[in-house]
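Student: Before I ask anything, let me first share the structure, which is written out below as structure tokens.
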Amino acid sequence: MVHLANPLSSYLRRSGKTQKEIAIDSGLSRSAINNYYHNTNVKPNEAVMVANSADDFELNMEIASQLFGIFKLMDGKKLNGNALTIDAYTELEEREQQERYVRDNIRTLLRDGPLDKSETAVLNEYALDDMDALIMRLTRFNAECLKLGVTPMDLFKKKRREYEEKEYMEV
């Protein structure tokens with residue numbers, strides 16, 4: 001089950017929409033949206049209906065995280081949704097990740113062939129730093145999109161053909 005209380009509250013604050021508008025846009029009842037807002041379980045199909053109607057990257061990532069076990073954006077109080085703060089922490093995480101990459105010879109560990117126990121531990125620690133930097137970059141990317149008034153998917157749609165032509169992605 002999905003819990004939407006915090007992400008829905010954040011979305012409503014960000015968007016200026018009301019629970020009633022979400023109900024109308026999603027096709028769900030006002031009482032259902034009110035229940036979700038107060039942390040009752042949400043059926044997966046109804047969570048998807050809310051996500052589709054909101055068309056909001058942060059809300060979609062939160063729902064996807066709960067439904068599919070993927071990571072979510074950094075949304076803690078320390079960042080407070082402030083783009084400059086997010087940028088500063090992104091820079092910090094990227095610096096830590098890059099320092100470990102160089103210090104621990106990660107390129108060498110990525111070669112073909114099995115890793116010994118020590119190499120596995122080193123690569124695991126690097127992967128954790130890499131994840132920190134990646135999620136912070138995604139969080140900053142979302143802040144950039146908000147500033148531009150577009151969604152990450154809007155920008156992805158503009159670049160997808162290029163990625164396919166460069167054979168970074170399959171068609």
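Chains: A, B, ... in order of the structure tokens. Residues: from 1 per chain. Ligands: from 1, in order shown.
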Quick one: everything within 9 Å of Leu128 of chain A, counting only C-alpha atoms, minus sequence neighbours fewer than 5 positions away in the same chain. Send it as number ranges by chain.
Tutor: A: 97, 123, 133
Student: Could those residues be written to a file, using N, CA, C and O atoms, as a compact mmCIF listing (two decimals), in the first residue's frame?
Tutor:
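Contents of the output file out_8.txt:
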```
# COMPACT_ATOMS: atom_id res chain seq x y z
N GLN A 97 32.00 12.07 -3.86
CA GLN A 97 31.96 10.93 -4.78
C GLN A 97 33.20 10.92 -5.69
O GLN A 97 33.84 9.91 -5.87
N LEU A 123 34.26 -1.02 -3.67
CA LEU A 123 33.28 -0.64 -4.69
C LEU A 123 31.91 -0.38 -4.06
O LEU A 123 31.19 0.53 -4.48
N ALA A 133 25.33 11.22 -4.55
CA ALA A 133 25.52 12.28 -5.55
C ALA A 133 24.43 12.22 -6.62
O ALA A 133 23.91 13.25 -7.05
```
Student: Considering only helix (DSSP H, G or I) as DSSP defines it on the backbone, what residues of chain A qualify? List them as an NGL selection string.
Tutor: :A and (5-15 or 19-26 or 30-37 or 44-54 or 57-68 or 83-103 or 106-109 or 117-148 or 152-165)
Student: What's the 12 Å shell around Ile24 of chain A, counting only C-alpha atoms, without same-chain residues fewer than 4 positions away, as a ChimeraX atom specification?
Tutor: /A:17-20,28-33,49-50,53-54
Student: So that I have them on file, write out the residues from the current selection with N, CA and C atoms, as an mmCIF file, in the first residue's frame.
Tutor:
```
data_model
loop_
_atom_site.group_PDB
_atom_site.id
_atom_site.type_symbol
_atom_site.label_atom_id
_atom_site.label_comp_id
_atom_site.auth_asym_id
_atom_site.auth_seq_id
_atom_site.Cartn_x
_atom_site.Cartn_y
_atom_site.Cartn_z
ATOM 1 N N LYS A 17 -2.949 23.928 -5.315
ATOM 2 C CA LYS A 17 -4.223 23.251 -5.566
ATOM 3 C C LYS A 17 -4.866 22.831 -4.253
ATOM 4 N N THR A 18 -6.146 22.508 -4.341
ATOM 5 C CA THR A 18 -6.899 22.032 -3.184
ATOM 6 C C THR A 18 -7.155 20.530 -3.322
ATOM 7 N N GLN A 19 -7.555 19.930 -2.212
ATOM 8 C CA GLN A 19 -7.928 18.518 -2.259
ATOM 9 C C GLN A 19 -9.072 18.302 -3.248
ATOM 10 N N LYS A 20 -10.005 19.239 -3.284
ATOM 11 C CA LYS A 20 -11.142 19.136 -4.192
ATOM 12 C C LYS A 20 -10.679 19.099 -5.644
ATOM 13 N N LEU A 28 -11.294 10.713 -8.476
ATOM 14 C CA LEU A 28 -11.551 10.077 -7.190
ATOM 15 C C LEU A 28 -12.454 10.980 -6.351
ATOM 16 N N SER A 29 -13.052 10.418 -5.327
ATOM 17 C CA SER A 29 -13.951 11.214 -4.489
ATOM 18 C C SER A 29 -13.152 12.167 -3.596
ATOM 19 N N ARG A 30 -13.802 13.244 -3.184
ATOM 20 C CA ARG A 30 -13.161 14.182 -2.251
ATOM 21 C C ARG A 30 -12.841 13.489 -0.941
ATOM 22 N N SER A 31 -13.725 12.592 -0.507
ATOM 23 C CA SER A 31 -13.458 11.894 0.757
ATOM 24 C C SER A 31 -12.243 10.975 0.628
ATOM 25 N N ALA A 32 -12.049 10.364 -0.539
ATOM 26 C CA ALA A 32 -10.864 9.514 -0.740
ATOM 27 C C ALA A 32 -9.595 10.351 -0.636
ATOM 28 N N ILE A 33 -9.569 11.492 -1.319
ATOM 29 C CA ILE A 33 -8.387 12.361 -1.273
ATOM 30 C C ILE A 33 -8.159 12.848 0.152
ATOM 31 N N MET A 49 -3.583 7.146 -10.317
ATOM 32 C CA MET A 49 -4.556 8.149 -10.772
ATOM 33 C C MET A 49 -4.213 9.529 -10.214
ATOM 34 N N VAL A 50 -3.813 9.578 -8.951
ATOM 35 C CA VAL A 50 -3.403 10.847 -8.338
ATOM 36 C C VAL A 50 -2.156 11.372 -9.041
ATOM 37 N N SER A 53 -2.912 12.712 -12.547
ATOM 38 C CA SER A 53 -3.653 13.978 -12.550
ATOM 39 C C SER A 53 -2.775 15.141 -12.087
ATOM 40 N N ALA A 54 -1.844 14.866 -11.182
ATOM 41 C CA ALA A 54 -0.991 15.938 -10.660
ATOM 42 C C ALA A 54 0.091 16.325 -11.656
#
```
Student: With only C-alpha atoms as the counted atoms, please give the residues lying no more than 12 Å from Val48 of chain A, apart from itself and same-chain residues fewer than 3 positions off, as a list in words.
Tutor: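 The filter keeps Met1, Val2, Leu4, Ser26, Gly27, Leu28, Val42, Lys43, Pro44, Asn45, Ala51, Asn52, Ser53, Ala54, Asp55, Asp56, Leu59, Asn60, Met61, Glu62, Ile63, Ala64, Gln66, Leu67 and Phe68 of chain A.
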Student: Those residues you just picked out, can you put them in a file as a compact mmCIF listing (two decimals), in the first residue's frame with N, CA, C and O atoms?
Tutor:
```
# COMPACT_ATOMS: atom_id res chain seq x y z
N MET A 1 0.82 -1.19 0.00
CA MET A 1 0.00 0.00 0.00
C MET A 1 0.87 1.26 0.00
O MET A 1 1.99 1.24 0.46
N VAL A 2 0.31 2.31 -0.49
CA VAL A 2 0.99 3.60 -0.60
C VAL A 2 0.39 4.56 0.43
O VAL A 2 -0.81 4.56 0.67
N LEU A 4 0.16 8.62 1.18
CA LEU A 4 0.34 9.89 0.47
C LEU A 4 0.29 11.13 1.34
O LEU A 4 0.41 12.23 0.82
N SER A 26 -8.40 13.76 -10.69
CA SER A 26 -8.06 12.33 -10.66
C SER A 26 -9.27 11.43 -10.88
O SER A 26 -9.12 10.24 -11.16
N GLY A 27 -10.48 11.99 -10.71
CA GLY A 27 -11.67 11.18 -10.83
C GLY A 27 -11.99 10.41 -9.56
O GLY A 27 -12.86 9.54 -9.54
N LEU A 28 -11.29 10.71 -8.48
CA LEU A 28 -11.55 10.08 -7.19
C LEU A 28 -12.45 10.98 -6.35
O LEU A 28 -12.57 12.17 -6.62
N VAL A 42 -3.51 3.86 0.37
CA VAL A 42 -3.98 4.17 -0.97
C VAL A 42 -3.75 2.94 -1.84
O VAL A 42 -2.64 2.39 -1.84
N LYS A 43 -4.75 2.52 -2.57
CA LYS A 43 -4.58 1.40 -3.50
C LYS A 43 -3.63 1.85 -4.61
O LYS A 43 -3.68 3.00 -5.04
N PRO A 44 -2.78 0.94 -5.09
CA PRO A 44 -1.82 1.32 -6.14
C PRO A 44 -2.45 1.99 -7.35
O PRO A 44 -1.94 3.00 -7.84
N ASN A 45 -3.58 1.46 -7.83
CA ASN A 45 -4.20 2.07 -9.02
C ASN A 45 -4.69 3.49 -8.74
O ASN A 45 -4.64 4.36 -9.60
N ALA A 51 -1.18 10.49 -9.26
CA ALA A 51 0.07 10.90 -9.91
C ALA A 51 -0.19 11.43 -11.31
O ALA A 51 0.34 12.47 -11.70
N ASN A 52 -1.01 10.72 -12.08
CA ASN A 52 -1.30 11.15 -13.45
C ASN A 52 -2.01 12.50 -13.48
O ASN A 52 -1.72 13.35 -14.33
N SER A 53 -2.91 12.71 -12.55
CA SER A 53 -3.65 13.98 -12.55
C SER A 53 -2.78 15.14 -12.09
O SER A 53 -2.93 16.26 -12.56
N ALA A 54 -1.84 14.87 -11.18
CA ALA A 54 -0.99 15.94 -10.66
C ALA A 54 0.09 16.32 -11.66
O ALA A 54 0.46 17.49 -11.77
N ASP A 55 0.63 15.33 -12.39
CA ASP A 55 1.74 15.59 -13.32
C ASP A 55 2.85 16.38 -12.63
O ASP A 55 3.30 17.41 -13.12
N ASP A 56 3.27 15.89 -11.46
CA ASP A 56 4.28 16.56 -10.64
C ASP A 56 5.40 15.57 -10.37
O ASP A 56 5.17 14.50 -9.79
N LEU A 59 5.98 14.36 -6.64
CA LEU A 59 4.92 13.46 -6.19
C LEU A 59 5.03 12.12 -6.91
O LEU A 59 4.91 11.06 -6.29
N ASN A 60 5.30 12.16 -8.21
CA ASN A 60 5.44 10.92 -8.97
C ASN A 60 6.61 10.07 -8.45
O ASN A 60 6.49 8.85 -8.35
N MET A 61 7.73 10.72 -8.14
CA MET A 61 8.88 9.98 -7.62
C MET A 61 8.55 9.35 -6.27
O MET A 61 8.96 8.22 -5.99
N GLU A 62 7.83 10.05 -5.42
CA GLU A 62 7.45 9.52 -4.12
C GLU A 62 6.54 8.30 -4.29
O GLU A 62 6.73 7.28 -3.64
N ILE A 63 5.57 8.42 -5.16
CA ILE A 63 4.66 7.29 -5.40
C ILE A 63 5.42 6.12 -6.02
O ILE A 63 5.25 4.97 -5.60
N ALA A 64 6.27 6.40 -6.99
CA ALA A 64 7.07 5.34 -7.61
C ALA A 64 7.99 4.67 -6.58
O ALA A 64 8.17 3.45 -6.60
N GLN A 66 7.40 4.28 -3.41
CA GLN A 66 6.59 3.40 -2.57
C GLN A 66 6.08 2.19 -3.34
O GLN A 66 6.02 1.08 -2.81
N LEU A 67 5.70 2.37 -4.60
CA LEU A 67 5.16 1.26 -5.38
C LEU A 67 6.23 0.30 -5.88
O LEU A 67 6.03 -0.91 -5.88
N PHE A 68 7.35 0.85 -6.33
CA PHE A 68 8.34 0.03 -7.02
C PHE A 68 9.66 -0.10 -6.29
O PHE A 68 10.58 -0.75 -6.78
```
Student: As a PyMOL selection string, please: the residues near segment 150-166 of chain A (cut-off 8 Å, only C-alpha atoms, same-chain neighbours under 6 positions excluded).
Tutor: chain A and resi 56-57+141-142
Student: Only C-alpha atoms, please: the residues just picked out, written as an mmCIF file, in the first residue's frame.
Tutor:
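The resulting again.cif:
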```
data_model
loop_
_atom_site.group_PDB
_atom_site.id
_atom_site.type_symbol
_atom_site.label_atom_id
_atom_site.label_comp_id
_atom_site.auth_asym_id
_atom_site.auth_seq_id
_atom_site.Cartn_x
_atom_site.Cartn_y
_atom_site.Cartn_z
ATOM 1 C CA ASP A 56 4.278 16.562 -10.644
ATOM 2 C CA PHE A 57 7.738 14.987 -10.703
ATOM 3 C CA PHE A 141 17.607 18.805 -11.678
ATOM 4 C CA ASN A 142 14.040 18.884 -10.393
#
```
Student: To one decimal place in Å, what is the distance between atom CA of Gln98 of chain A and atom CA of Glu144 of chain A?
Tutor: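 These atoms are spaced 22.5 Å apart.
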Student: Could you list, as number ranges by chain, every residue within 12 Å of segment 108-111 of chain A, counting only C-alpha atoms and ignoring same-chain residues fewer than 5 positions away?
Tutor: A: 101-103, 116-124, 126-127
